[in-house]
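Here's my_file15.cif, which has mmCIF, C-alpha atoms:
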```cif
data_target
#
loop_
_atom_site.label_atom_id
_atom_site.label_comp_id
_atom_site.auth_asym_id
_atom_site.auth_seq_id
_atom_site.Cartn_x
_atom_site.Cartn_y
_atom_site.Cartn_z
CA MET A 1 17.62 -19.36 1.72
CA ASN A 2 16.50 -20.31 5.20
CA GLU A 3 19.44 -18.53 6.79
CA VAL A 4 17.32 -15.44 7.31
CA PRO A 5 14.84 -16.20 10.10
CA LEU A 6 11.17 -15.33 9.75
CA THR A 7 11.46 -12.76 12.53
CA HIS A 8 13.79 -10.56 10.46
CA ILE A 9 11.25 -10.33 7.64
CA LEU A 10 8.64 -9.43 10.26
CA PHE A 11 10.97 -6.72 11.63
CA VAL A 12 11.16 -5.16 8.16
CA SER A 13 7.38 -5.17 7.73
CA THR A 14 6.84 -3.78 11.25
CA ALA A 15 9.24 -0.92 10.58
CA LEU A 16 7.55 -0.24 7.23
CA PHE A 17 4.11 -0.17 8.88
CA PHE A 18 5.17 2.35 11.50
CA ILE A 19 6.95 4.50 8.91
CA GLY A 20 3.62 4.64 7.09
CA MET A 21 1.88 5.53 10.35
CA TYR A 22 4.37 8.35 10.97
CA GLY A 23 3.65 9.70 7.50
CA LEU A 24 -0.10 9.50 8.10
CA PHE A 25 0.27 11.47 11.36
CA THR A 26 2.57 14.23 10.10
CA ARG A 27 1.39 14.88 6.55
CA ARG A 28 -1.40 17.37 5.89
CA ASN A 29 -1.62 16.81 2.16
CA LEU A 30 -4.18 14.23 0.98
CA ILE A 31 -1.97 12.71 -1.73
CA THR A 32 0.96 12.11 0.63
CA MET A 33 -1.43 10.62 3.20
CA LEU A 34 -2.61 8.22 0.50
CA MET A 35 1.03 7.27 -0.14
CA SER A 36 1.50 6.46 3.55
CA ILE A 37 -1.56 4.22 3.47
CA GLU A 38 -0.07 2.38 0.48
CA LEU A 39 3.10 1.75 2.51
CA MET A 40 1.07 0.29 5.38
CA LEU A 41 -0.90 -2.00 3.05
CA ASN A 42 2.36 -3.22 1.52
CA SER A 43 3.80 -4.11 4.89
CA VAL A 44 0.74 -6.26 5.59
CA ASN A 45 1.26 -8.01 2.25
CA ILE A 46 4.86 -8.83 3.16
CA ASN A 47 3.61 -10.38 6.40
CA PHE A 48 1.06 -12.57 4.63
CA VAL A 49 3.58 -13.87 2.08
CA ALA A 50 6.29 -14.48 4.70
CA PHE A 51 3.95 -16.39 7.04
CA ASN A 52 2.69 -18.45 4.12
CA LYS A 53 6.20 -19.31 2.97
CA TYR A 54 7.72 -20.09 6.37
CA LEU A 55 4.88 -21.59 8.41
CA PHE A 56 2.41 -23.14 5.95
CA PRO A 57 4.31 -23.91 2.74
CA ASP A 58 1.87 -26.67 1.79
CA LYS A 59 -0.99 -24.13 1.38
CA LEU A 60 -1.30 -20.97 -0.70
CA ASP A 61 -3.86 -19.00 1.33
CA GLY A 62 -1.46 -16.19 2.26
CA LEU A 63 -0.69 -15.53 -1.40
CA PHE A 64 -4.40 -15.24 -2.17
CA PHE A 65 -4.86 -12.77 0.67
CA SER A 66 -2.03 -10.63 -0.75
CA LEU A 67 -3.52 -10.80 -4.23
CA PHE A 68 -6.93 -9.63 -3.00
CA ILE A 69 -5.36 -6.90 -0.84
CA ILE A 70 -3.43 -5.60 -3.88
CA THR A 71 -6.65 -5.56 -5.94
CA ILE A 72 -8.64 -3.74 -3.28
CA ALA A 73 -5.78 -1.28 -2.71
CA ALA A 74 -5.86 -0.43 -6.41
CA ALA A 75 -9.62 0.21 -6.27
CA GLU A 76 -9.18 2.26 -3.09
CA ALA A 77 -6.43 4.41 -4.61
CA ALA A 78 -8.54 5.10 -7.69
CA VAL A 79 -11.58 6.18 -5.66
CA ALA A 80 -9.41 8.26 -3.30
CA ILE A 81 -7.81 10.11 -6.20
CA ALA A 82 -11.22 10.80 -7.76
CA ILE A 83 -12.34 12.29 -4.43
CA ILE A 84 -9.12 14.33 -4.17
CA ILE A 85 -9.57 15.78 -7.66
CA ASN A 86 -13.19 16.64 -6.87
CA LEU A 87 -12.12 18.29 -3.61
CA TYR A 88 -9.45 20.28 -5.43
CA ARG A 89 -12.07 21.50 -7.88
CA SER A 90 -14.30 22.86 -5.12
CA HIS A 91 -11.68 24.09 -2.61
CA GLN A 92 -8.61 24.83 -4.85
CA SER A 93 -6.53 22.93 -2.27
CA ILE A 94 -6.01 19.35 -1.11
CA ASP A 95 -4.85 20.22 2.38
CA VAL A 96 -6.92 18.45 5.04
CA ASP A 97 -6.98 21.64 7.13
CA ASP A 98 -8.84 23.46 4.35
CA ALA A 99 -11.72 20.99 4.16
CA THR A 100 -13.41 21.35 7.54
CA GLU A 101 -17.06 22.03 6.63
CA MET A 102 -18.22 18.71 8.07
CA LYS A 103 -16.05 18.98 11.16
CA PHE A 104 -18.13 19.05 14.33
CA MET B 1 26.62 -14.75 6.03
CA ASN B 2 26.13 -15.96 2.48
CA THR B 3 25.01 -14.10 -0.64
CA SER B 4 21.28 -14.64 -0.08
CA THR B 5 21.45 -13.15 3.42
CA ILE B 6 23.40 -10.13 2.22
CA ILE B 7 20.87 -9.59 -0.57
CA PHE B 8 18.02 -9.72 1.95
CA TYR B 9 19.54 -7.05 4.18
CA ALA B 10 20.35 -4.87 1.17
CA ILE B 11 16.72 -5.11 0.00
CA ALA B 12 15.47 -4.35 3.52
CA ALA B 13 17.70 -1.27 3.71
CA LEU B 14 16.43 -0.09 0.31
CA ILE B 15 12.77 -0.53 1.33
CA LEU B 16 13.08 1.21 4.68
CA GLY B 17 15.37 4.01 3.48
CA ALA B 18 13.15 4.85 0.53
CA ALA B 19 10.03 4.68 2.73
CA ILE B 20 11.51 7.06 5.32
CA LEU B 21 12.47 9.52 2.59
CA ALA B 22 8.98 9.18 1.05
CA VAL B 23 7.27 10.25 4.26
CA THR B 24 9.73 12.99 5.24
CA THR B 25 10.75 14.81 2.06
CA LEU B 26 9.02 18.14 1.55
CA LYS B 27 8.73 18.06 -2.23
CA ILE B 28 5.67 16.06 -3.16
CA PHE B 29 7.02 14.82 -6.49
CA ARG B 30 10.18 13.48 -4.84
CA SER B 31 7.97 11.79 -2.27
CA ALA B 32 6.18 9.94 -5.08
CA ILE B 33 9.49 8.86 -6.61
CA TRP B 34 10.77 7.55 -3.26
CA LEU B 35 7.52 5.64 -2.86
CA LEU B 36 8.22 4.13 -6.27
CA PHE B 37 11.65 2.94 -5.10
CA SER B 38 10.17 1.48 -1.93
CA LEU B 39 7.56 -0.46 -3.91
CA VAL B 40 10.22 -1.76 -6.30
CA GLY B 41 12.18 -2.90 -3.24
CA ILE B 42 9.14 -4.78 -1.96
CA ALA B 43 8.80 -6.47 -5.36
CA ALA B 44 12.49 -7.45 -5.05
CA LEU B 45 11.73 -8.90 -1.62
CA TYR B 46 8.99 -11.05 -3.18
CA PHE B 47 11.47 -12.21 -5.83
CA TRP B 48 13.90 -13.05 -3.04
CA MET B 49 11.17 -15.11 -1.33
CA GLN B 50 10.65 -16.89 -4.67
CA VAL B 51 7.01 -15.88 -5.10
CA GLU B 52 7.49 -14.60 -8.63
CA PHE B 53 3.80 -14.21 -9.42
CA ILE B 54 3.13 -11.84 -6.51
CA ALA B 55 6.28 -9.90 -7.43
CA ALA B 56 5.04 -9.50 -10.99
CA ILE B 57 1.61 -8.40 -9.76
CA GLN B 58 3.29 -5.93 -7.37
CA ILE B 59 5.25 -4.36 -10.22
CA VAL B 60 2.29 -4.27 -12.61
CA VAL B 61 -0.32 -2.93 -10.18
CA TYR B 62 1.68 -0.72 -7.79
CA VAL B 63 4.62 0.52 -9.85
CA GLY B 64 2.77 0.60 -13.15
CA GLY B 65 -0.66 1.60 -11.89
CA ILE B 66 -0.96 3.28 -8.53
CA VAL B 67 2.26 5.34 -8.60
CA VAL B 68 1.47 6.58 -12.10
CA LEU B 69 -2.02 7.50 -10.90
CA ILE B 70 -0.54 9.37 -7.92
CA ILE B 71 1.95 11.28 -10.09
CA PHE B 72 -0.87 12.11 -12.48
CA SER B 73 -2.99 13.53 -9.66
CA ILE B 74 0.01 15.52 -8.35
CA PHE B 75 0.32 17.17 -11.75
CA LEU B 76 -3.42 17.85 -11.81
CA THR B 77 -3.68 19.39 -8.37
CA GLN B 78 -0.52 21.34 -7.57
CA GLN B 79 2.77 22.86 -8.60
CA SER B 80 5.15 19.94 -8.20
CA GLY B 81 8.26 22.07 -7.65
CA LYS B 82 6.78 23.89 -4.66
CA GLU B 83 7.81 22.77 -1.19
CA MET B 84 5.11 21.71 1.23
CA ASP B 85 4.89 23.32 4.66
CA LYS B 86 6.97 21.67 7.34
CA PRO B 87 4.78 19.87 9.88
CA ALA B 88 4.68 21.44 13.34
CA THR B 89 7.66 20.41 15.47
CA GLY B 90 5.54 19.16 18.36
CA LYS B 91 3.44 17.00 16.11
CA MET B 92 6.56 15.65 14.41
CA ILE B 93 8.17 14.72 17.73
CA PHE B 94 5.05 13.02 19.07
CA SER B 95 4.42 11.12 15.82
CA ALA B 96 8.03 9.96 15.75
CA LEU B 97 7.79 8.86 19.39
CA ALA B 98 4.54 6.98 18.72
CA ALA B 99 6.07 5.24 15.71
CA LEU B 100 9.27 4.37 17.59
CA PHE B 101 7.43 2.99 20.60
CA GLY B 102 5.09 1.02 18.37
CA THR B 103 8.02 -0.44 16.45
CA ALA B 104 9.94 -1.31 19.61
CA PHE B 105 6.88 -2.91 21.24
CA THR B 106 6.02 -5.03 18.20
CA ILE B 107 9.63 -6.07 17.58
CA ASN B 108 9.89 -7.07 21.23
CA LEU B 109 6.74 -9.19 20.92
CA ILE B 110 7.93 -10.84 17.70
CA SER B 111 11.42 -11.65 18.97
CA HIS B 112 10.06 -13.25 22.15
CA TYR B 113 7.40 -15.29 20.40
CA GLY B 114 9.87 -17.71 18.82
CA PHE B 115 8.15 -19.30 15.86
CA ASN B 116 8.98 -22.94 16.46
CA ASN B 117 6.65 -24.58 13.94
CA ILE B 118 8.72 -23.61 10.89
CA SER B 119 7.78 -26.17 8.28
CA ALA B 120 10.23 -27.59 5.78
CA ALA B 121 7.61 -28.79 3.30
CA PRO B 122 8.25 -27.70 -0.30
CA PHE B 123 6.65 -24.40 -1.24
CA ASN B 124 5.16 -24.38 -4.74
CA PRO B 125 3.70 -20.97 -5.63
CA SER B 126 3.74 -21.58 -9.40
CA VAL B 127 1.28 -19.74 -11.60
CA ASP B 128 -0.68 -22.86 -12.60
CA GLU B 129 -1.04 -23.88 -8.95
CA ILE B 130 -2.34 -20.39 -8.05
CA GLY B 131 -4.67 -20.34 -11.06
CA MET B 132 -6.12 -23.79 -10.34
CA GLN B 133 -6.81 -22.93 -6.73
CA MET B 134 -8.19 -19.46 -7.43
CA LEU B 135 -10.84 -20.72 -9.86
CA SER B 136 -11.62 -23.98 -8.08
CA THR B 137 -15.14 -24.44 -6.72
CA THR B 138 -14.17 -26.93 -4.02
CA SER B 139 -13.97 -25.96 -0.36
CA HIS B 140 -10.38 -24.69 -0.71
CA GLY B 141 -11.03 -22.64 -3.84
CA PHE B 142 -11.23 -18.87 -4.04
CA ILE B 143 -13.82 -18.49 -6.80
CA LEU B 144 -16.31 -16.55 -4.62
CA PRO B 145 -13.89 -13.79 -3.47
CA PHE B 146 -12.58 -13.66 -7.03
CA GLU B 147 -16.06 -12.88 -8.37
CA VAL B 148 -16.85 -10.48 -5.53
CA VAL B 149 -13.61 -8.59 -6.15
CA SER B 150 -14.42 -8.31 -9.84
CA MET B 151 -17.77 -6.70 -8.92
CA LEU B 152 -15.92 -4.39 -6.52
CA LEU B 153 -13.55 -3.27 -9.29
CA LEU B 154 -16.47 -2.56 -11.60
CA ALA B 155 -18.25 -0.58 -8.88
CA ALA B 156 -15.06 1.36 -8.06
CA MET B 157 -14.52 2.20 -11.74
CA VAL B 158 -18.08 3.50 -12.19
CA GLY B 159 -17.86 5.34 -8.87
CA CYS B 160 -14.59 7.07 -9.83
CA ILE B 161 -16.03 8.28 -13.12
CA VAL B 162 -19.17 9.61 -11.42
CA ILE B 163 -17.23 11.36 -8.63
CA ALA B 164 -14.61 12.97 -10.85
CA MET B 165 -17.00 13.92 -13.66
CA LYS B 166 -17.53 17.62 -14.21
CA PRO B 167 -21.26 18.37 -14.02
CA THR B 168 -22.42 19.59 -17.43
CA GLU B 169 -24.92 22.42 -17.98
CA ALA B 170 -27.68 19.99 -18.95
CA ASN B 171 -27.12 17.97 -15.79
CA ILE B 172 -27.29 21.06 -13.57
CA VAL B 173 -30.55 22.16 -15.20
CA HIS B 174 -31.93 18.66 -14.76
CA LEU B 175 -30.96 18.59 -11.09
CA ASN B 176 -32.45 22.03 -10.44
CA LYS B 177 -35.73 20.93 -12.02
CA LYS B 178 -35.83 17.92 -9.78
CA GLU B 179 -35.41 20.09 -6.72
CA ASP B 180 -38.34 22.36 -7.69
#
```
Please render this file's structure as structure tokens.
Amino acid sequence: MNEVPLTHILFVSTALFFIGMYGLFTRRNLITMLMSIELMLNSVNINFVAFNKYLFPDKLDGLFFSLFIITIAAAEAAVAIAIIINLYRSHQSIDVDDATEMKF
Amino acid sequence: MNTSTIIFYAIAALILGAAILAVTTLKIFRSAIWLLFSLVGIAALYFWMQVEFIAAIQIVVYVGGIVVLIIFSIFLTQQSGKEMDKPATGKMIFSALAALFGTAFTINLISHYGFNNISAAPFNPSVDEIGMQMLSTTSHGFILPFEVVSMLLLAAMVGCIVIAMKPTEANIVHLNKKED
């Protein structure tokens, strides 16, 4: 179990975070951008659980942080999808380049 | 190199491979399915770390909730078989460079930090332990964020319904009257 050092788990979550960032930079479609944000949130969750397990196994605070992050991510995804559907209704498109009325 | 180590690297490869495909594939429905695989891989990583409760929550909320919601909204808003436009080459190169440099920088920091306070105390993330601490009102309990998050979920639910609701004729008339 402890053969895998903590740093290797952190490498995985770092790579996952930057993959999500790459997706956020290159995608122009709101739904795929939302997917990239979900990937980034998940990488943070992995970090919390790994730190909790390896460095502070006598406490459970990291697990609670992951639980609350998962809850808030669910609420965020629901609100984002409501906004996307509303945007689609008014613009017939969910491309970020098509919704520029409020751009300065 | 024992079985547990091999399983960890297999799970890591699954997570990262599926995530890369999810952000690069041009068909939006395939992207959602690759995201699903990546999230299942993360749940497997939680099982590997022996935090079964978080793994179960991950499967229930992400795989069963958010991905289904995303697929649902894909079907509502576009033709799922159509390919999306390729991102501009310059933007792709610069985003990839930014991601690569960020990854290299952070990995460099992590590998030089050397976590030397690894504790060997027993780790007990059982469901009754989590439940007792979450609803405890002592100084180490999490009852206040628990209640606040429940209010947040209620507010998000009401907000979603209001945002996505189609305005009815009666509502429009009512709003116009208000403006006059």
Expressed in Å to a single decimal, how great is the separation between atom CA of Pro167 of chain B and atom CA of Leu87 of chain A?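 Between atom CA of Pro167 of chain B and atom CA of Leu87 of chain A the gap works out to 13.9 Å.
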Would you kindly translate the PyMOL selection byres ((chain B and resi 2-8) around 8) into the concrete residues it picks from this file, as a VMD selection string? (chain A and resid 1 3 to 4) or (chain B and resid 1 9 to 12 45 48)
Matched chain/residue IDs from the PyMOL selection byres ((chain A) within 8 of (chain B)), as a ChimeraX atom specification: /A:1,3-4,6-7,10-12,14-16,18-23,25-28,31-32,35-36,39,42,46,50,53-58,60,63-64,66-68,70-72,74-79,81-83,85-86,88,93-94
Computed interatomic separation between atom CA of Phe48 of chain A and atom CA of Ile59 of chain B (Å):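 Distance reported for this atom pair: 17.5 Å.
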Select, from A:Ser90, A:Met102, A:Val96, A:Ala80, the residue with the minimum atom-to-atom distance to Leu34 of chain A, counting only C-alpha atoms. A:Ala80
Nearest to Ser43 of chain A, chosen from B:Thr25, B:Ser139, B:Gly41, B:Val127, with only C-alpha atoms counted in the distances: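 With only C-alpha atoms as the atom set, the closest residue is B:Gly41.
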In Å, rounded to a single decimal, give me how far atom CA of Leu41 of chain A is from atom CA of Ser13 of chain A. 10.0 Å
